[in-house]
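Everything below belongs to model-v3.cif, which stores mmCIF, C-alpha atoms, pLDDT in the B column; chains and numbers go by the auth columns.
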```cif
data_final
#
loop_
_atom_site.group_PDB
_atom_site.id
_atom_site.type_symbol
_atom_site.label_atom_id
_atom_site.label_comp_id
_atom_site.label_asym_id
_atom_site.label_seq_id
_atom_site.Cartn_x
_atom_site.Cartn_y
_atom_site.Cartn_z
_atom_site.B_iso_or_equiv
_atom_site.auth_seq_id
_atom_site.auth_asym_id
ATOM 1 C CA MET A 1 0.000 0.000 0.000 61.00 264 A
ATOM 2 C CA ASN A 2 2.912 2.338 0.776 80.00 265 A
ATOM 3 C CA ALA A 3 4.316 1.910 -2.778 78.00 266 A
ATOM 4 C CA ALA A 4 0.930 2.787 -4.315 76.00 267 A
ATOM 5 C CA ARG A 5 0.682 5.921 -2.183 80.00 268 A
ATOM 6 C CA ALA A 6 4.206 6.941 -3.210 78.00 269 A
ATOM 7 C CA GLY A 7 3.318 6.350 -6.900 76.00 270 A
ATOM 8 C CA TRP A 8 0.238 8.555 -6.663 83.00 271 A
ATOM 9 C CA SER A 9 2.251 11.245 -4.877 82.00 272 A
ATOM 10 C CA LEU A 10 4.862 11.221 -7.663 79.00 273 A
ATOM 11 C CA LEU A 11 2.133 11.406 -10.307 78.00 274 A
ATOM 12 C CA LEU A 12 0.501 14.357 -8.522 78.00 275 A
ATOM 13 C CA ALA A 13 3.862 16.135 -8.188 80.00 276 A
ATOM 14 C CA ALA A 14 4.572 15.584 -11.916 76.00 277 A
ATOM 15 C CA GLY A 15 1.153 17.023 -12.834 76.00 278 A
ATOM 16 C CA ILE A 16 1.730 20.091 -10.689 82.00 279 A
ATOM 17 C CA GLY A 17 5.203 20.543 -12.168 70.00 280 A
ATOM 18 C CA LEU A 18 3.866 20.293 -15.725 68.00 281 A
ATOM 19 C CA SER A 19 1.106 22.819 -14.960 70.00 282 A
ATOM 20 C CA LEU A 20 3.647 25.271 -13.518 66.00 283 A
ATOM 21 C CA TRP A 21 5.912 24.840 -16.555 64.00 284 A
ATOM 22 C CA GLN A 22 3.000 25.512 -18.962 66.00 285 A
ATOM 23 C CA TRP A 23 1.963 28.567 -16.959 63.00 286 A
ATOM 24 C CA ARG A 24 5.534 29.930 -17.079 62.00 287 A
ATOM 25 C CA GLU A 25 5.789 29.277 -20.840 55.00 288 A
ATOM 26 C CA ALA A 26 2.499 31.072 -21.507 53.00 289 A
ATOM 27 C CA ALA A 27 3.696 34.112 -19.555 52.00 290 A
ATOM 28 C CA GLU A 28 6.911 34.515 -21.602 48.00 291 A
ATOM 29 C CA PRO A 29 7.048 36.718 -24.707 45.00 292 A
ATOM 30 C CA PRO A 30 6.942 34.979 -28.133 42.00 293 A
ATOM 31 C CA GLY A 31 10.681 35.440 -28.679 40.00 294 A
ATOM 32 C CA ARG A 32 11.298 32.960 -25.895 40.00 295 A
ATOM 33 C CA HIS A 33 9.330 30.288 -27.781 37.00 296 A
ATOM 34 C CA GLY A 34 11.605 30.209 -30.810 40.00 297 A
ATOM 35 C CA GLY A 35 9.640 33.118 -32.261 39.00 298 A
ATOM 36 C CA HIS A 36 6.382 31.145 -32.451 38.00 299 A
ATOM 37 C CA THR A 37 3.171 32.244 -30.792 42.00 300 A
ATOM 38 C CA HIS A 38 -0.568 31.730 -31.137 44.00 301 A
ATOM 39 C CA LEU A 39 -2.782 34.781 -31.537 48.00 302 A
ATOM 40 C CA HIS A 40 -6.396 34.614 -30.445 45.00 303 A
ATOM 41 C CA ASP A 41 -9.110 37.194 -29.932 46.00 304 A
ATOM 42 C CA ASP A 42 -11.295 37.443 -26.833 47.00 305 A
ATOM 43 C CA SER A 43 -13.687 34.758 -28.090 49.00 306 A
ATOM 44 C CA GLY A 44 -10.849 32.255 -28.511 52.00 307 A
ATOM 45 C CA LYS A 45 -10.902 32.404 -32.322 55.00 308 A
ATOM 46 C CA PRO A 46 -7.657 33.083 -34.184 62.00 309 A
ATOM 47 C CA ALA A 47 -7.166 36.841 -34.484 70.00 310 A
ATOM 48 C CA ARG A 48 -8.257 38.544 -37.708 76.00 311 A
ATOM 49 C CA LEU A 49 -5.498 39.971 -39.893 82.00 312 A
ATOM 50 C CA TYR A 50 -7.551 43.000 -40.899 81.00 313 A
ATOM 51 C CA ALA A 51 -10.555 45.010 -39.727 84.00 314 A
ATOM 52 C CA TRP A 52 -12.557 46.002 -42.802 86.00 315 A
ATOM 53 C CA ASP A 53 -15.929 45.242 -44.335 89.00 316 A
ATOM 54 C CA SER A 54 -16.026 43.339 -47.619 89.00 317 A
ATOM 55 C CA ALA A 55 -18.649 45.791 -48.945 92.00 318 A
ATOM 56 C CA ALA A 56 -15.949 48.498 -48.930 93.00 319 A
ATOM 57 C CA ALA A 57 -13.758 46.593 -51.406 94.00 320 A
ATOM 58 C CA ALA A 58 -13.777 48.059 -54.903 96.00 321 A
ATOM 59 C CA GLN A 59 -10.579 46.598 -56.340 96.00 322 A
ATOM 60 C CA VAL A 60 -8.573 43.387 -55.959 96.00 323 A
ATOM 61 C CA ILE A 61 -5.075 43.217 -57.416 96.00 324 A
ATOM 62 C CA LEU A 62 -3.287 39.866 -57.645 95.00 325 A
ATOM 63 C CA ALA A 63 0.366 40.319 -58.590 95.00 326 A
ATOM 64 C CA ALA A 64 2.684 37.395 -59.300 93.00 327 A
ATOM 65 C CA PRO A 65 6.295 37.888 -60.421 91.00 328 A
ATOM 66 C CA ASP A 66 5.292 37.504 -64.076 90.00 329 A
ATOM 67 C CA ALA A 67 1.631 38.586 -64.260 92.00 330 A
ATOM 68 C CA THR A 68 -0.976 40.875 -62.690 94.00 331 A
ATOM 69 C CA LEU A 69 -4.737 40.488 -62.505 94.00 332 A
ATOM 70 C CA ARG A 70 -6.873 43.451 -61.505 96.00 333 A
ATOM 71 C CA MET A 71 -10.538 43.056 -60.605 95.00 334 A
ATOM 72 C CA ASP A 72 -12.659 46.214 -60.330 95.00 335 A
ATOM 73 C CA ARG A 73 -16.170 46.390 -58.883 94.00 336 A
ATOM 74 C CA ASP A 74 -18.822 48.678 -60.312 90.00 337 A
ATOM 75 C CA ALA A 75 -22.631 48.680 -60.229 89.00 338 A
ATOM 76 C CA ARG A 76 -22.755 45.616 -62.541 89.00 339 A
ATOM 77 C CA GLY A 77 -20.263 43.511 -60.560 91.00 340 A
ATOM 78 C CA TRP A 78 -16.604 42.612 -60.924 93.00 341 A
ATOM 79 C CA THR A 79 -14.625 42.972 -64.164 91.00 342 A
ATOM 80 C CA ALA A 80 -11.126 41.705 -64.869 90.00 343 A
ATOM 81 C CA THR A 81 -8.142 43.454 -66.410 88.00 344 A
ATOM 82 C CA PRO A 82 -6.835 42.050 -68.690 86.00 345 A
ATOM 83 C CA PRO A 83 -10.280 41.015 -69.966 84.00 346 A
ATOM 84 C CA GLY A 84 -10.948 37.291 -69.632 80.00 347 A
ATOM 85 C CA ALA A 85 -8.091 36.762 -67.170 82.00 348 A
ATOM 86 C CA GLY A 86 -8.734 34.908 -63.943 80.00 349 A
ATOM 87 C CA ARG A 87 -11.663 32.915 -65.302 81.00 350 A
ATOM 88 C CA GLY A 88 -13.360 31.096 -62.471 85.00 351 A
ATOM 89 C CA PHE A 89 -12.106 33.566 -59.861 90.00 352 A
ATOM 90 C CA ASP A 90 -15.070 35.013 -57.986 92.00 353 A
ATOM 91 C CA ALA A 91 -13.727 38.300 -56.603 93.00 354 A
ATOM 92 C CA GLY A 92 -16.861 38.935 -54.511 93.00 355 A
ATOM 93 C CA GLU A 93 -16.643 35.525 -52.851 94.00 356 A
ATOM 94 C CA PHE A 94 -12.912 35.953 -52.294 94.00 357 A
ATOM 95 C CA VAL A 95 -13.285 39.424 -50.752 94.00 358 A
ATOM 96 C CA ALA A 96 -15.954 38.127 -48.357 92.00 359 A
ATOM 97 C CA LEU A 97 -13.577 35.341 -47.236 91.00 360 A
ATOM 98 C CA PHE A 98 -10.444 37.515 -47.209 91.00 361 A
ATOM 99 C CA SER A 99 -12.067 40.202 -45.057 91.00 362 A
ATOM 100 C CA GLN A 100 -12.330 37.510 -42.360 89.00 363 A
ATOM 101 C CA ALA A 101 -8.764 36.182 -42.847 88.00 364 A
ATOM 102 C CA ARG A 102 -7.269 34.865 -39.638 87.00 365 A
ATOM 103 C CA SER A 103 -3.839 33.753 -38.547 86.00 366 A
ATOM 104 C CA ASP A 104 -3.275 31.748 -35.419 74.00 367 A
ATOM 105 C CA ARG A 105 0.481 31.262 -35.788 86.00 368 A
ATOM 106 C CA VAL A 106 3.280 33.807 -36.004 89.00 369 A
ATOM 107 C CA LEU A 107 6.969 33.023 -36.517 90.00 370 A
ATOM 108 C CA ALA A 108 10.115 35.060 -36.211 91.00 371 A
ATOM 109 C CA PRO A 109 11.782 34.717 -39.644 91.00 372 A
ATOM 110 C CA GLN A 110 14.874 32.543 -39.749 90.00 373 A
ATOM 111 C CA PRO A 111 17.559 33.703 -42.214 87.00 374 A
ATOM 112 C CA ASP A 112 18.030 30.235 -43.737 87.00 375 A
ATOM 113 C CA GLN A 113 14.301 29.774 -44.456 86.00 376 A
ATOM 114 C CA PRO A 114 12.792 31.604 -47.470 81.00 377 A
ATOM 115 C CA TYR A 115 9.158 30.608 -46.710 93.00 378 A
ATOM 116 C CA GLY A 116 8.442 31.178 -50.406 93.00 379 A
ATOM 117 C CA LEU A 117 8.358 34.919 -49.738 93.00 380 A
ATOM 118 C CA ALA A 118 11.587 36.027 -51.373 89.00 381 A
ATOM 119 C CA PRO A 119 10.028 36.954 -53.748 91.00 382 A
ATOM 120 C CA PRO A 120 6.441 36.187 -52.769 94.00 383 A
ATOM 121 C CA ARG A 121 4.499 33.773 -54.968 94.00 384 A
ATOM 122 C CA LEU A 122 1.666 36.288 -54.971 95.00 385 A
ATOM 123 C CA ARG A 123 0.804 39.704 -53.566 97.00 386 A
ATOM 124 C CA ILE A 124 -2.830 40.389 -52.787 96.00 387 A
ATOM 125 C CA ASP A 125 -3.996 43.996 -52.501 97.00 388 A
ATOM 126 C CA VAL A 126 -7.586 44.990 -51.744 96.00 389 A
ATOM 127 C CA ARG A 127 -8.526 48.661 -52.135 96.00 390 A
ATOM 128 C CA ASP A 128 -11.620 50.761 -51.545 95.00 391 A
ATOM 129 C CA ALA A 129 -13.278 53.064 -54.098 95.00 392 A
ATOM 130 C CA ALA A 130 -10.906 55.919 -53.213 95.00 393 A
ATOM 131 C CA GLY A 131 -7.866 53.694 -53.821 95.00 394 A
ATOM 132 C CA ALA A 132 -6.960 53.317 -50.135 95.00 395 A
ATOM 133 C CA THR A 133 -5.505 49.924 -49.224 94.00 396 A
ATOM 134 C CA LEU A 134 -7.839 47.840 -47.073 94.00 397 A
ATOM 135 C CA ALA A 135 -5.572 44.792 -46.992 94.00 398 A
ATOM 136 C CA SER A 136 -2.260 43.708 -48.440 95.00 399 A
ATOM 137 C CA LEU A 137 -0.641 40.303 -48.106 95.00 400 A
ATOM 138 C CA ASP A 138 2.402 38.542 -49.538 96.00 401 A
ATOM 139 C CA VAL A 139 1.699 34.842 -50.060 96.00 402 A
ATOM 140 C CA GLY A 140 4.461 32.261 -49.833 95.00 403 A
ATOM 141 C CA ALA A 141 4.876 28.492 -49.758 94.00 404 A
ATOM 142 C CA LEU A 142 2.763 25.858 -48.080 93.00 405 A
ATOM 143 C CA ALA A 143 3.767 25.104 -44.506 91.00 406 A
ATOM 144 C CA PRO A 144 5.148 21.593 -43.895 90.00 407 A
ATOM 145 C CA ASP A 145 1.766 20.409 -42.563 87.00 408 A
ATOM 146 C CA GLY A 146 0.190 21.200 -45.963 88.00 409 A
ATOM 147 C CA LEU A 147 -2.750 22.879 -44.243 90.00 410 A
ATOM 148 C CA GLY A 148 -1.262 26.329 -43.769 92.00 411 A
ATOM 149 C CA ARG A 149 0.542 28.792 -45.976 94.00 412 A
ATOM 150 C CA TYR A 150 3.310 31.212 -45.058 95.00 413 A
ATOM 151 C CA VAL A 151 2.270 34.841 -45.510 95.00 414 A
ATOM 152 C CA GLN A 152 3.590 38.230 -44.545 94.00 415 A
ATOM 153 C CA VAL A 153 1.720 41.459 -44.063 93.00 416 A
ATOM 154 C CA PRO A 154 3.901 44.135 -45.736 92.00 417 A
ATOM 155 C CA GLY A 155 5.640 46.192 -43.075 91.00 418 A
ATOM 156 C CA GLU A 156 5.479 43.478 -40.415 91.00 419 A
ATOM 157 C CA PRO A 157 8.732 41.717 -39.570 92.00 420 A
ATOM 158 C CA GLN A 158 7.148 38.389 -38.608 92.00 421 A
ATOM 159 C CA ILE A 159 5.901 35.569 -40.801 94.00 422 A
ATOM 160 C CA ARG A 160 2.354 34.317 -40.297 93.00 423 A
ATOM 161 C CA ILE A 161 0.717 31.031 -41.150 93.00 424 A
ATOM 162 C CA VAL A 162 -2.857 31.179 -42.401 93.00 425 A
ATOM 163 C CA PRO A 163 -5.101 28.277 -43.393 92.00 426 A
ATOM 164 C CA ALA A 164 -4.276 27.387 -46.994 92.00 427 A
ATOM 165 C CA TYR A 165 -7.910 27.686 -48.116 91.00 428 A
ATOM 166 C CA GLN A 166 -7.758 31.459 -47.502 91.00 429 A
ATOM 167 C CA THR A 167 -5.339 31.911 -50.415 92.00 430 A
ATOM 168 C CA ARG A 168 -6.302 28.981 -52.668 92.00 431 A
ATOM 169 C CA ALA A 169 -8.623 30.913 -55.053 93.00 432 A
ATOM 170 C CA PRO A 170 -6.265 33.798 -55.871 94.00 433 A
ATOM 171 C CA LEU A 171 -3.322 31.427 -56.324 93.00 434 A
ATOM 172 C CA ALA A 172 -5.394 29.304 -58.701 91.00 435 A
ATOM 173 C CA ALA A 173 -6.512 32.415 -60.610 91.00 436 A
ATOM 174 C CA MET A 174 -2.849 33.213 -61.218 90.00 437 A
ATOM 175 C CA GLY A 175 -1.864 29.605 -62.010 85.00 438 A
ATOM 176 C CA ARG A 176 0.132 29.274 -58.767 78.00 439 A
ATOM 177 C CA GLU A 177 -1.928 26.705 -56.859 72.00 440 A
ATOM 178 C CA GLY A 178 1.001 24.332 -56.161 61.00 441 A
ATOM 179 C CA PRO A 179 3.293 24.377 -53.125 58.00 442 A
#
```
Have the structure of the file written as structure tokens, please.
Amino acid sequence: MNAARAGWSLLLAAGIGLSLWQWREAAEPPGRHGGHTHLHDDSGKPARLYAWDSAAAAQVILAAPDATLRMDRDARGWTATPPGAGRGFDAGEFVALFSQARSDRVLAPQPDQPYGLAPPRLRIDVRDAAGATLASLDVGALAPDGLGRYVQVPGEPQIRIVPAYQTRAPLAAMGREGP
């Protein structure tokens, strides 16, 4: 009976130690976690990248190193420049999804890792009717898990990982849907 009591005491002590370690890790800044952190809003959802309403979007520009697609919205809907480019790309559907874009992981860039962002595979710019930028994002390679994609908000030093589905449509519109 004494050995069983000692075993339970050790198990309890290990649980307390693990809880204290997790609490200490959570209290440290992201730089102490190898540059990786999780960002969540007050409801526990991953934090939104931008705060804008999709109804304000009047222009979507998709720029790859060798091509650019511009979608403009007017009273009749979205039109593409050059005409006929980006067939199958629904700019309205994309803007509705992109206005809710979320990232739950942030990394400090490592110099030996390009993340597919040097140069980016694609730059996404969303502008309002006055030409003001609502959102801008550089899109890189798929993360090793295949579910996320490396991205960078211009002007931010860190690299983010967003769910791959958030960038799938614009990459496909530009013929860049691969890794």
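When CA of Gly379 in chain A is paired with CA of Met334 in chain A, their separation reads 24.6 Å.
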- Task: Extract, using only C-alpha atoms, all DNA, RNA and protein residues at most 12 Å from range 309-315 of chain A, discarding same-chain residues fewer than 3 positions from it, and format them as a PyMOL selection string.
- Result: chain A and resi 300-306+318-320+358-369+389-391+395-400+414-417+419+423-426+429
- Distance of CA of Gly351 in chain A from CA of Arg339 in chain A, expressed in Å to one decimal place: 17.3 Å
- Message: One number please: CA of Asp401 in chain A to CA of Arg384 in chain A, in Å, one decimal.
- Response: 7.5 Å
Would you write out, as a PDB file with C-alpha atoms, keeping the file's coordinate frame, every residue that the PyMOL selection byres ((chain A and resi 349) around 12) captures in this file?
```pdb
ATOM      1  CA  VAL A 323      -8.573  43.387 -55.959  1.00 96.00           C
ATOM      2  CA  ILE A 324      -5.075  43.217 -57.416  1.00 96.00           C
ATOM      3  CA  LEU A 325      -3.287  39.866 -57.645  1.00 95.00           C
ATOM      4  CA  ALA A 326       0.366  40.319 -58.590  1.00 95.00           C
ATOM      5  CA  ALA A 330       1.631  38.586 -64.260  1.00 92.00           C
ATOM      6  CA  THR A 331      -0.976  40.875 -62.690  1.00 94.00           C
ATOM      7  CA  LEU A 332      -4.737  40.488 -62.505  1.00 94.00           C
ATOM      8  CA  ARG A 333      -6.873  43.451 -61.505  1.00 96.00           C
ATOM      9  CA  MET A 334     -10.538  43.056 -60.605  1.00 95.00           C
ATOM     10  CA  TRP A 341     -16.604  42.612 -60.924  1.00 93.00           C
ATOM     11  CA  THR A 342     -14.625  42.972 -64.164  1.00 91.00           C
ATOM     12  CA  ALA A 343     -11.126  41.705 -64.869  1.00 90.00           C
ATOM     13  CA  THR A 344      -8.142  43.454 -66.410  1.00 88.00           C
ATOM     14  CA  PRO A 345      -6.835  42.050 -68.690  1.00 86.00           C
ATOM     15  CA  PRO A 346     -10.280  41.015 -69.966  1.00 84.00           C
ATOM     16  CA  GLY A 347     -10.948  37.291 -69.632  1.00 80.00           C
ATOM     17  CA  ALA A 348      -8.091  36.762 -67.170  1.00 82.00           C
ATOM     18  CA  ARG A 350     -11.663  32.915 -65.302  1.00 81.00           C
ATOM     19  CA  GLY A 351     -13.360  31.096 -62.471  1.00 85.00           C
ATOM     20  CA  PHE A 352     -12.106  33.566 -59.861  1.00 90.00           C
ATOM     21  CA  ASP A 353     -15.070  35.013 -57.986  1.00 92.00           C
ATOM     22  CA  ALA A 354     -13.727  38.300 -56.603  1.00 93.00           C
ATOM     23  CA  ALA A 432      -8.623  30.913 -55.053  1.00 93.00           C
ATOM     24  CA  PRO A 433      -6.265  33.798 -55.871  1.00 94.00           C
ATOM     25  CA  LEU A 434      -3.322  31.427 -56.324  1.00 93.00           C
ATOM     26  CA  ALA A 435      -5.394  29.304 -58.701  1.00 91.00           C
ATOM     27  CA  ALA A 436      -6.512  32.415 -60.610  1.00 91.00           C
ATOM     28  CA  MET A 437      -2.849  33.213 -61.218  1.00 90.00           C
ATOM     29  CA  GLY A 438      -1.864  29.605 -62.010  1.00 85.00           C
ATOM     30  CA  ARG A 439       0.132  29.274 -58.767  1.00 78.00           C
TER      31      ARG A 439
END
```
- Applied to this file, what does the PyMOL selection byres ((chain A and resi 405) around 9) return in terms of residues, put as a PyMOL selection string? chain A and resi 378-379+403-404+406-413+424+427+441-442
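Ranking A:Ala276, A:Pro382, A:Ala267, A:Ser317 by their shortest atom-to-atom distance to Glu356 in chain A, with only C-alpha atoms included, puts A:Ser317 first.
Compared by their closest atoms to Ala371 in chain A, and using all atoms listed in the file, the residues A:Leu385, A:Ile422, A:Ala393, A:Ala338 rank with A:Ile422 nearest.
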Would you compute the box with edges along x, y and z of the file around range 373-390 of chain A, including every atom the file lists for it and 4 Å extra on each side, and give its centre and edge lengths in Å to one decimal, as JSON?
```
{"center_x": 4.8, "center_y": 39.2, "center_z": -47.4, "size_x": 34.6, "size_y": 26.9, "size_z": 23.2}
```
- Restricting the calculation to all atoms listed in the file, which member of A:Ala327, A:Ala266, A:Leu275, A:Ala381 is positioned closest to Glu440 in chain A? A:Ala327
